[in-house]
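Here is the structure we will look at, set down as structure tokens.
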Amino acid sequence: MNTEQQLKLQAFLDGELPEREARDVAAWLAQDKDATALLMELRNTRQALGGFEPEIRLPETREFYWSKIQREIQRLEPATPKKEAVPFSFWFWRLLIPAGAAALLAIAGLFAFLKLNPSSNPGAEMATMLADANPVTYRDQAEGMTVVWLSYPAEKEFTANSSGGRLP
Amino acid sequence: MADKNYSSADDAALVRDAQKGDMAAFEELVVRHRDKLYARAFSMMRNEQEAIDLSQEAWVKGWQRLNQFHGDSSFATWMTRIVINLCLDQLRKNKRHRAESIEEMDEESGGVERQMPAVVVNPTERLERGELRQRIDKALGQLSEEHRTVLVLHEFEELEYKEIAKTVGCSIGTVMSRLFYARRKLAALLADLKKEN
């Protein structure tokens, strides 16, 4: 068995082979006793290591171990943990997303309100009365239309004309 | 703060408190995961004092970098990666201070174990748990740092070949070769230990 075959066998055991290559190795194992024996050895070693590390325990008391860590932290940094520089993109997304969502909601809400209750539109009807000339301005923003109604001096003229017996 | 019941809080809550500067919350995290961090350092360094020092250094670094932890992995995993990196740095420093022996160069290329017949009988069968632990401990101590590191990262940290290659800074082929050699040598050592008894 050459080195490449040995490493392939190991990769098979570790689940690192693509499906097709794994099938080829499985077929090879069915015919080669040496390969099967090597696979078994590798598997036994892996299993033996399985429960090893959790048994290792720190050989110091909790207080003593922590006191050294605490001292070092306080020596290096007497206050609270240093604030790391936060990248611009973090704040951009953190602020932009909720702000954008709130703006969209506000626009949608206003639009729905105006659609359902056109009379409440403050710009739909707007009348302006000027004291001297008595013009009346009607503005409908929904229709994009403005009408200016001037009753003076036309009314007076009409009155003057009508008093003379002539219609305009 | 003094009234807080830290022992019943989960890791995520303790991390949030610690990120705000609550050192008692951080202490609780240390208490919970100190054995795991020490075990990982000891598996890699094979030296009790170095393992204690490096695991403590990892906790200090963990505190300093707490604001970089966003919960992408568990807190224990995040801390374990810190201690692994510290161990790798220390192993590199140690290596610079000593000449590479002929045996180590032989190990890098595979050594005699690569060609030896497979150990067909499981040498760890029917062993008491404590006895098995002692044997593995002794056998791991006889591996070179390079082979032991790859074995620890694969078997205990459960990293894939490509993750080990990235962590250690070598090719996937080297990882596979070192892992294979480490397993074979470990099998041979465990078999020899059985014969001794």
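By convention in this document, the chains of the structure tokens carry letters A, B, ... by their order, each chain's residues are numbered from 1, and ligands are numbered from 1 in the order they are shown.
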Write out as a PDB file with N, CA and C atoms, in the first residue's frame every residue belonging to chain B that has an atom at most 8 Å from any atom of chain A, counting only C-alpha atoms.
```pdb
ATOM      1  N   GLN B  19     -19.434  41.935  29.139  1.00  0.00           N
ATOM      2  CA  GLN B  19     -19.158  42.946  28.111  1.00  0.00           C
ATOM      3  C   GLN B  19     -19.426  44.366  28.627  1.00  0.00           C
ATOM      4  N   LYS B  20     -20.300  44.443  29.642  1.00  0.00           N
ATOM      5  CA  LYS B  20     -20.577  45.766  30.237  1.00  0.00           C
ATOM      6  C   LYS B  20     -19.594  46.077  31.370  1.00  0.00           C
ATOM      7  N   GLY B  21     -18.640  45.157  31.587  1.00  0.00           N
ATOM      8  CA  GLY B  21     -17.628  45.410  32.600  1.00  0.00           C
ATOM      9  C   GLY B  21     -17.826  44.661  33.904  1.00  0.00           C
ATOM     10  N   ASP B  22     -18.789  43.739  33.938  1.00  0.00           N
ATOM     11  CA  ASP B  22     -19.072  42.991  35.167  1.00  0.00           C
ATOM     12  C   ASP B  22     -18.060  41.846  35.308  1.00  0.00           C
ATOM     13  N   GLU B  27     -15.870  36.007  35.930  1.00  0.00           N
ATOM     14  CA  GLU B  27     -15.306  34.992  36.837  1.00  0.00           C
ATOM     15  C   GLU B  27     -16.123  33.698  36.764  1.00  0.00           C
ATOM     16  N   VAL B  30     -15.129  31.829  33.781  1.00  0.00           N
ATOM     17  CA  VAL B  30     -13.825  31.184  34.009  1.00  0.00           C
ATOM     18  C   VAL B  30     -14.024  29.887  34.797  1.00  0.00           C
ATOM     19  N   VAL B  31     -14.844  29.967  35.827  1.00  0.00           N
ATOM     20  CA  VAL B  31     -15.096  28.783  36.674  1.00  0.00           C
ATOM     21  C   VAL B  31     -15.698  27.653  35.831  1.00  0.00           C
ATOM     22  N   ARG B  34     -12.813  26.561  32.878  1.00  0.00           N
ATOM     23  CA  ARG B  34     -11.366  26.551  33.133  1.00  0.00           C
ATOM     24  C   ARG B  34     -10.736  25.187  32.861  1.00  0.00           C
ATOM     25  N   ASP B  35     -11.451  24.110  33.203  1.00  0.00           N
ATOM     26  CA  ASP B  35     -10.883  22.775  32.979  1.00  0.00           C
ATOM     27  C   ASP B  35     -10.706  22.490  31.490  1.00  0.00           C
ATOM     28  N   LYS B  36     -11.695  22.871  30.712  1.00  0.00           N
ATOM     29  CA  LYS B  36     -11.628  22.615  29.262  1.00  0.00           C
ATOM     30  C   LYS B  36     -10.450  23.367  28.633  1.00  0.00           C
ATOM     31  N   TYR B  38      -7.769  24.519  30.154  1.00  0.00           N
ATOM     32  CA  TYR B  38      -6.503  23.981  30.648  1.00  0.00           C
ATOM     33  C   TYR B  38      -6.189  22.657  29.938  1.00  0.00           C
ATOM     34  N   ALA B  39      -7.198  21.796  29.807  1.00  0.00           N
ATOM     35  CA  ALA B  39      -6.995  20.490  29.159  1.00  0.00           C
ATOM     36  C   ALA B  39      -6.480  20.661  27.736  1.00  0.00           C
ATOM     37  N   ARG B  40      -7.057  21.628  27.016  1.00  0.00           N
ATOM     38  CA  ARG B  40      -6.621  21.840  25.631  1.00  0.00           C
ATOM     39  C   ARG B  40      -5.168  22.325  25.592  1.00  0.00           C
ATOM     40  N   SER B  43      -2.906  19.346  26.534  1.00  0.00           N
ATOM     41  CA  SER B  43      -2.784  18.370  25.439  1.00  0.00           C
ATOM     42  C   SER B  43      -1.756  18.851  24.416  1.00  0.00           C
ATOM     43  N   ILE B  52      -1.054  25.978  32.435  1.00  0.00           N
ATOM     44  CA  ILE B  52      -1.751  26.897  33.363  1.00  0.00           C
ATOM     45  C   ILE B  52      -1.539  28.341  32.906  1.00  0.00           C
ATOM     46  N   GLN B  56      -4.433  30.890  31.448  1.00  0.00           N
ATOM     47  CA  GLN B  56      -4.727  32.169  32.136  1.00  0.00           C
ATOM     48  C   GLN B  56      -4.544  33.357  31.187  1.00  0.00           C
ATOM     49  N   GLU B  57      -3.509  33.277  30.385  1.00  0.00           N
ATOM     50  CA  GLU B  57      -3.290  34.351  29.397  1.00  0.00           C
ATOM     51  C   GLU B  57      -4.473  34.422  28.431  1.00  0.00           C
ATOM     52  N   TRP B  59      -7.565  33.709  29.128  1.00  0.00           N
ATOM     53  CA  TRP B  59      -8.691  34.366  29.812  1.00  0.00           C
ATOM     54  C   TRP B  59      -8.519  35.886  29.837  1.00  0.00           C
ATOM     55  N   VAL B  60      -7.287  36.321  30.027  1.00  0.00           N
ATOM     56  CA  VAL B  60      -7.032  37.775  30.020  1.00  0.00           C
ATOM     57  C   VAL B  60      -7.326  38.345  28.636  1.00  0.00           C
ATOM     58  N   TRP B  63     -11.051  38.533  28.016  1.00  0.00           N
ATOM     59  CA  TRP B  63     -11.662  39.715  28.645  1.00  0.00           C
ATOM     60  C   TRP B  63     -11.427  40.961  27.781  1.00  0.00           C
ATOM     61  N   GLN B  64     -10.192  41.101  27.312  1.00  0.00           N
ATOM     62  CA  GLN B  64      -9.857  42.292  26.519  1.00  0.00           C
ATOM     63  C   GLN B  64     -10.606  42.336  25.191  1.00  0.00           C
ATOM     64  N   ARG B  65     -10.916  41.157  24.652  1.00  0.00           N
ATOM     65  CA  ARG B  65     -11.560  41.096  23.335  1.00  0.00           C
ATOM     66  C   ARG B  65     -13.053  40.777  23.419  1.00  0.00           C
ATOM     67  N   LEU B  66     -13.616  40.871  24.600  1.00  0.00           N
ATOM     68  CA  LEU B  66     -15.017  40.464  24.773  1.00  0.00           C
ATOM     69  C   LEU B  66     -15.972  41.150  23.795  1.00  0.00           C
ATOM     70  N   ASN B  67     -15.662  42.391  23.465  1.00  0.00           N
ATOM     71  CA  ASN B  67     -16.562  43.112  22.547  1.00  0.00           C
ATOM     72  C   ASN B  67     -16.484  42.601  21.110  1.00  0.00           C
ATOM     73  N   GLN B  68     -15.488  41.766  20.850  1.00  0.00           N
ATOM     74  CA  GLN B  68     -15.402  41.151  19.509  1.00  0.00           C
ATOM     75  C   GLN B  68     -16.211  39.858  19.436  1.00  0.00           C
ATOM     76  N   PRO B 117       3.401  -3.029  10.076  1.00  0.00           N
ATOM     77  CA  PRO B 117       2.089  -3.677   9.934  1.00  0.00           C
ATOM     78  C   PRO B 117       1.079  -3.093  10.907  1.00  0.00           C
ATOM     79  N   ALA B 118      -0.190  -3.176  10.518  1.00  0.00           N
ATOM     80  CA  ALA B 118      -1.240  -2.594  11.358  1.00  0.00           C
ATOM     81  C   ALA B 118      -1.375  -3.366  12.667  1.00  0.00           C
ATOM     82  N   VAL B 119      -1.721  -2.636  13.739  1.00  0.00           N
ATOM     83  CA  VAL B 119      -1.989  -3.277  15.033  1.00  0.00           C
ATOM     84  C   VAL B 119      -3.426  -3.772  14.977  1.00  0.00           C
ATOM     85  N   VAL B 120      -3.579  -5.076  14.735  1.00  0.00           N
ATOM     86  CA  VAL B 120      -4.929  -5.595  14.467  1.00  0.00           C
ATOM     87  C   VAL B 120      -5.782  -5.754  15.725  1.00  0.00           C
ATOM     88  N   VAL B 121      -5.120  -6.013  16.873  1.00  0.00           N
ATOM     89  CA  VAL B 121      -5.888  -6.158  18.115  1.00  0.00           C
ATOM     90  C   VAL B 121      -5.944  -4.784  18.785  1.00  0.00           C
ATOM     91  N   ASN B 122      -7.115  -4.423  19.258  1.00  0.00           N
ATOM     92  CA  ASN B 122      -7.259  -3.123  19.913  1.00  0.00           C
ATOM     93  C   ASN B 122      -6.521  -3.144  21.253  1.00  0.00           C
ATOM     94  N   THR B 124      -6.304  -1.092  23.569  1.00  0.00           N
ATOM     95  CA  THR B 124      -6.945  -0.406  24.703  1.00  0.00           C
ATOM     96  C   THR B 124      -8.177  -1.146  25.219  1.00  0.00           C
ATOM     97  N   LEU B 132      -6.410   3.578  30.989  1.00  0.00           N
ATOM     98  CA  LEU B 132      -6.376   3.987  29.581  1.00  0.00           C
ATOM     99  C   LEU B 132      -5.920   5.445  29.465  1.00  0.00           C
ATOM    100  N   ARG B 133      -6.447   6.274  30.361  1.00  0.00           N
ATOM    101  CA  ARG B 133      -6.090   7.698  30.326  1.00  0.00           C
ATOM    102  C   ARG B 133      -4.582   7.879  30.534  1.00  0.00           C
ATOM    103  N   ILE B 136      -2.661   6.722  27.355  1.00  0.00           N
ATOM    104  CA  ILE B 136      -2.767   7.682  26.246  1.00  0.00           C
ATOM    105  C   ILE B 136      -1.946   8.934  26.569  1.00  0.00           C
ATOM    106  N   GLU B 155      -8.835  15.427  16.735  1.00  0.00           N
ATOM    107  CA  GLU B 155      -9.598  14.512  17.602  1.00  0.00           C
ATOM    108  C   GLU B 155     -10.351  15.224  18.722  1.00  0.00           C
ATOM    109  N   PHE B 156      -9.761  16.255  19.291  1.00  0.00           N
ATOM    110  CA  PHE B 156     -10.407  16.914  20.435  1.00  0.00           C
ATOM    111  C   PHE B 156     -11.179  18.160  20.008  1.00  0.00           C
ATOM    112  N   GLU B 160     -11.814  20.120  10.734  1.00  0.00           N
ATOM    113  CA  GLU B 160     -11.581  19.430   9.460  1.00  0.00           C
ATOM    114  C   GLU B 160     -10.145  19.697   8.995  1.00  0.00           C
ATOM    115  N   TYR B 161      -9.700  18.907   8.012  1.00  0.00           N
ATOM    116  CA  TYR B 161      -8.315  19.049   7.529  1.00  0.00           C
ATOM    117  C   TYR B 161      -8.013  20.498   7.135  1.00  0.00           C
ATOM    118  N   MET B 176      -2.686  15.901   6.613  1.00  0.00           N
ATOM    119  CA  MET B 176      -3.054  14.486   6.465  1.00  0.00           C
ATOM    120  C   MET B 176      -1.878  13.581   6.833  1.00  0.00           C
ATOM    121  N   SER B 177      -0.709  13.972   6.375  1.00  0.00           N
ATOM    122  CA  SER B 177       0.483  13.170   6.626  1.00  0.00           C
ATOM    123  C   SER B 177       0.814  13.141   8.128  1.00  0.00           C
ATOM    124  N   PHE B 180      -1.801  11.077  10.039  1.00  0.00           N
ATOM    125  CA  PHE B 180      -1.633   9.645   9.805  1.00  0.00           C
ATOM    126  C   PHE B 180      -0.464   9.109  10.636  1.00  0.00           C
ATOM    127  N   ARG B 183      -1.305   9.023  14.395  1.00  0.00           N
ATOM    128  CA  ARG B 183      -2.190   7.908  14.769  1.00  0.00           C
ATOM    129  C   ARG B 183      -1.448   6.580  14.781  1.00  0.00           C
ATOM    130  N   ARG B 184      -0.607   6.395  13.780  1.00  0.00           N
ATOM    131  CA  ARG B 184       0.129   5.132  13.697  1.00  0.00           C
ATOM    132  C   ARG B 184       1.122   5.002  14.849  1.00  0.00           C
ATOM    133  N   LEU B 186       0.899   6.447  17.726  1.00  0.00           N
ATOM    134  CA  LEU B 186       0.118   6.281  18.956  1.00  0.00           C
ATOM    135  C   LEU B 186      -0.327   4.820  19.098  1.00  0.00           C
ATOM    136  N   ALA B 187      -0.777   4.231  17.997  1.00  0.00           N
ATOM    137  CA  ALA B 187      -1.202   2.827  18.030  1.00  0.00           C
ATOM    138  C   ALA B 187      -0.025   1.930  18.432  1.00  0.00           C
TER     139      ALA B 187
END
```
Checklist line | Backbone-only DSSP, alpha helix (DSSP H) members of range 21-177 of chain B, as a VMD selection string | finding: chain B and resid 23 to 45 48 to 64 75 to 96 102 to 109 129 to 141 145 to 155 161 to 168 172 to 177
Notebook entry, point to check: Quick one: residues within 10 Å of Gly141 in chain B, only C-alpha atoms counted, chain neighbours fewer than 6 positions away excluded, as number ranges by chain?
Noted result: B: 43-47, 135, 148, 186
Would you output that residue set with N, CA and C atoms, as a short mmCIF file (atom, residue, chain, number, x, y, z; two decimals), in the first residue's frame?
```cif
data_model
loop_
_atom_site.label_atom_id
_atom_site.label_comp_id
_atom_site.auth_asym_id
_atom_site.auth_seq_id
_atom_site.Cartn_x
_atom_site.Cartn_y
_atom_site.Cartn_z
N SER B 43 -2.91 19.35 26.53
CA SER B 43 -2.78 18.37 25.44
C SER B 43 -1.76 18.85 24.42
N MET B 44 -1.72 20.15 24.19
CA MET B 44 -0.80 20.66 23.17
C MET B 44 0.61 20.87 23.72
N MET B 45 0.72 21.33 24.96
CA MET B 45 2.04 21.71 25.47
C MET B 45 2.73 20.57 26.23
N ARG B 46 1.96 19.69 26.83
CA ARG B 46 2.49 18.59 27.65
C ARG B 46 3.32 19.10 28.83
N ASN B 47 2.98 20.25 29.31
CA ASN B 47 3.70 20.83 30.44
C ASN B 47 2.68 21.55 31.31
N ARG B 135 -2.22 5.73 29.92
CA ARG B 135 -1.46 5.22 28.76
C ARG B 135 -1.48 6.21 27.60
N ARG B 148 1.43 15.98 17.47
CA ARG B 148 0.45 16.04 18.56
C ARG B 148 -0.56 17.17 18.31
N LEU B 186 0.90 6.45 17.73
CA LEU B 186 0.12 6.28 18.96
C LEU B 186 -0.33 4.82 19.10
#
```
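CA of Phe75 in chain B is found 15.8 Å from CA of Ser7 in chain B.
Here CA of Phe42 in chain B and CA of His147 in chain B stand 14.7 Å from one another.
From CA of Thr80 in chain B back to CA of Ala9 in chain B, the distance works out to 20.7 Å.
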